[in-house]
Amino acid sequence: MPGKGIWSIFLLLPLLAGCTGPLSTLQPAGPAAASTALLWWVMLAGATAIFVLVMALVGIAFWKPGIGRNVPPKRWLVWGGLAFPGVVLTALLVFALVTGERLLAHPGTPGLYSVEAHPYRWAWRFRYADGRESADVLHLPAGRPVDIRVVGTDVIHAFWVPRLGGKIDAIPGHVNTIRLMADRPGTYGGVCAEFCGVGHPTMKFEVVAHAPDDLEAALSQLPQGSP
């Protein structure tokens, strides 16, 4: 009955609470994360379109058995099985490629800020341009692009700050770079997104985005790292 369907929707509403929180990709706080969230919503819309079409055809088949008897099977396969999903999936692929290009770190960006991230089992150390270091807390300027140079150390880890952007692997012997930007000052959660051993669940860190006048004061209190 229609009433039951409506009540089912209300019962599912509490699940939307999972779309918020310190590690939510659907609560972006920067342009890279906003692009990722938009890609998610567009892909959801495409998947929903295909699902609705299939369910509509199934419903029609039950409502009026034999209604499509005069349609050649080849037409069902070509238009329903190839053309429609092909158009939707191609559009999603193009959109994903264009969105992904915006997330790449391109040199020469004005006002660029760079930090090195060194993951170890099972902690993070961040090194700044002046040689200072912080443990499990990454300090960034708000409103400026930041290149995070993720330096591979012992095993494969992955650097991920869901509310600020995508993730990138830390592969031993390699340096991978990801660009992030926080729209406004605040504190954001980060994690290692690659299983790296028994301490993996606790390998978390915080990203603190500072107003321009506050960043230098925060960095000045950090110790100098080892040469």
# chains A, B, ... in the order shown; residues from 1 in each chain; ligands from 1

call {"tool": "residues_around", "arguments": {"residues": "Val175 in chain A", "least_positions_apart": "5", "cutoff": "8 Å", "atoms": "only C-alpha atoms", "output": "PyMOL selection string"}}
result
chain A and resi 149-152+170

call {"tool": "select_by_dssp", "arguments": {"residues": "range 1-224 of chain A", "states": "alpha helix (DSSP H)", "output": "PyMOL selection string"}}
result
chain A and resi 2-12+31-63+73-75+84-102+212-220

call {"tool": "write_last_selection", "arguments": {"atoms": "C-alpha atoms", "output": "compact mmCIF listing (two decimals), in the first residue's frame"}}
result
# COMPACT_ATOMS: atom_id res chain seq x y z
CA PRO A 2 1.17 3.59 -0.65
CA GLY A 3 1.03 4.43 3.02
CA LYS A 4 3.53 1.73 3.87
CA GLY A 5 5.94 3.08 1.26
CA ILE A 6 5.78 6.55 2.79
CA TRP A 7 6.41 5.20 6.27
CA SER A 8 9.39 3.23 4.94
CA ILE A 9 10.94 6.47 3.70
CA PHE A 10 10.55 8.07 7.14
CA LEU A 11 12.18 5.02 8.74
CA LEU A 12 15.19 5.45 6.46
CA PRO A 31 36.89 22.87 -3.25
CA ALA A 32 38.51 19.46 -3.78
CA ALA A 33 36.12 17.79 -1.35
CA ALA A 34 33.19 19.69 -2.88
CA SER A 35 34.10 18.30 -6.32
CA THR A 36 34.27 14.78 -4.88
CA ALA A 37 30.90 15.18 -3.17
CA LEU A 38 29.35 16.55 -6.37
CA LEU A 39 30.72 13.55 -8.29
CA TRP A 40 29.13 11.24 -5.73
CA TRP A 41 25.74 12.91 -6.10
CA VAL A 42 25.92 12.84 -9.90
CA MET A 43 26.85 9.14 -9.88
CA LEU A 44 24.00 8.46 -7.48
CA ALA A 45 21.62 10.26 -9.84
CA GLY A 46 22.83 8.19 -12.79
CA ALA A 47 22.52 4.93 -10.87
CA THR A 48 19.05 5.97 -9.69
CA ALA A 49 17.95 6.69 -13.27
CA ILE A 50 18.95 3.19 -14.38
CA PHE A 51 17.34 1.62 -11.29
CA VAL A 52 14.07 3.53 -11.79
CA LEU A 53 13.89 2.46 -15.43
CA VAL A 54 14.44 -1.20 -14.59
CA MET A 55 11.93 -1.13 -11.73
CA ALA A 56 9.38 0.62 -13.95
CA LEU A 57 9.71 -2.08 -16.58
CA VAL A 58 9.37 -4.78 -13.92
CA GLY A 59 6.27 -3.05 -12.51
CA ILE A 60 4.69 -2.76 -15.97
CA ALA A 61 5.40 -6.43 -16.61
CA PHE A 62 3.49 -7.38 -13.43
CA TRP A 63 0.72 -4.84 -14.02
CA PRO A 73 13.84 -8.93 -28.12
CA LYS A 74 16.65 -7.27 -30.07
CA ARG A 75 15.09 -3.87 -29.48
CA PHE A 84 20.33 3.81 -22.15
CA PRO A 85 22.98 2.57 -19.66
CA GLY A 86 25.70 3.35 -22.19
CA VAL A 87 24.68 7.00 -22.45
CA VAL A 88 24.33 7.37 -18.69
CA LEU A 89 27.63 5.64 -17.86
CA THR A 90 29.54 7.53 -20.56
CA ALA A 91 28.28 10.83 -19.21
CA LEU A 92 29.33 9.78 -15.70
CA LEU A 93 32.79 8.76 -16.93
CA VAL A 94 33.39 12.09 -18.67
CA PHE A 95 32.20 14.01 -15.62
CA ALA A 96 34.45 11.91 -13.34
CA LEU A 97 37.52 12.51 -15.53
CA VAL A 98 36.93 16.27 -15.68
CA THR A 99 36.36 16.41 -11.91
CA GLY A 100 39.43 14.29 -11.18
CA GLU A 101 41.62 16.61 -13.28
CA ARG A 102 40.71 19.49 -10.97
CA PRO A 212 46.49 33.76 8.09
CA ASP A 213 47.45 35.71 11.20
CA ASP A 214 47.26 32.63 13.43
CA LEU A 215 49.28 30.13 11.39
CA GLU A 216 52.74 31.56 12.10
CA ALA A 217 52.00 31.71 15.81
CA ALA A 218 50.98 28.04 15.81
CA LEU A 219 54.05 26.97 13.84
CA SER A 220 56.43 28.98 16.03

call {"tool": "closest_residue", "arguments": {"among": "A:Ser134, A:Ala158, A:Leu180, A:Pro172", "to": "Ser114 in chain A", "atoms": "only C-alpha atoms"}}
result
A:Leu180

call {"tool": "atom_distance", "arguments": {"atom1": "CA of Ala105 in chain A", "atom2": "CA of Leu138 in chain A"}}
result
18.5 Å

call {"tool": "atom_distance", "arguments": {"atom1": "CA of Pro145 in chain A", "atom2": "CA of Cys196 in chain A"}}
result
28.6 Å
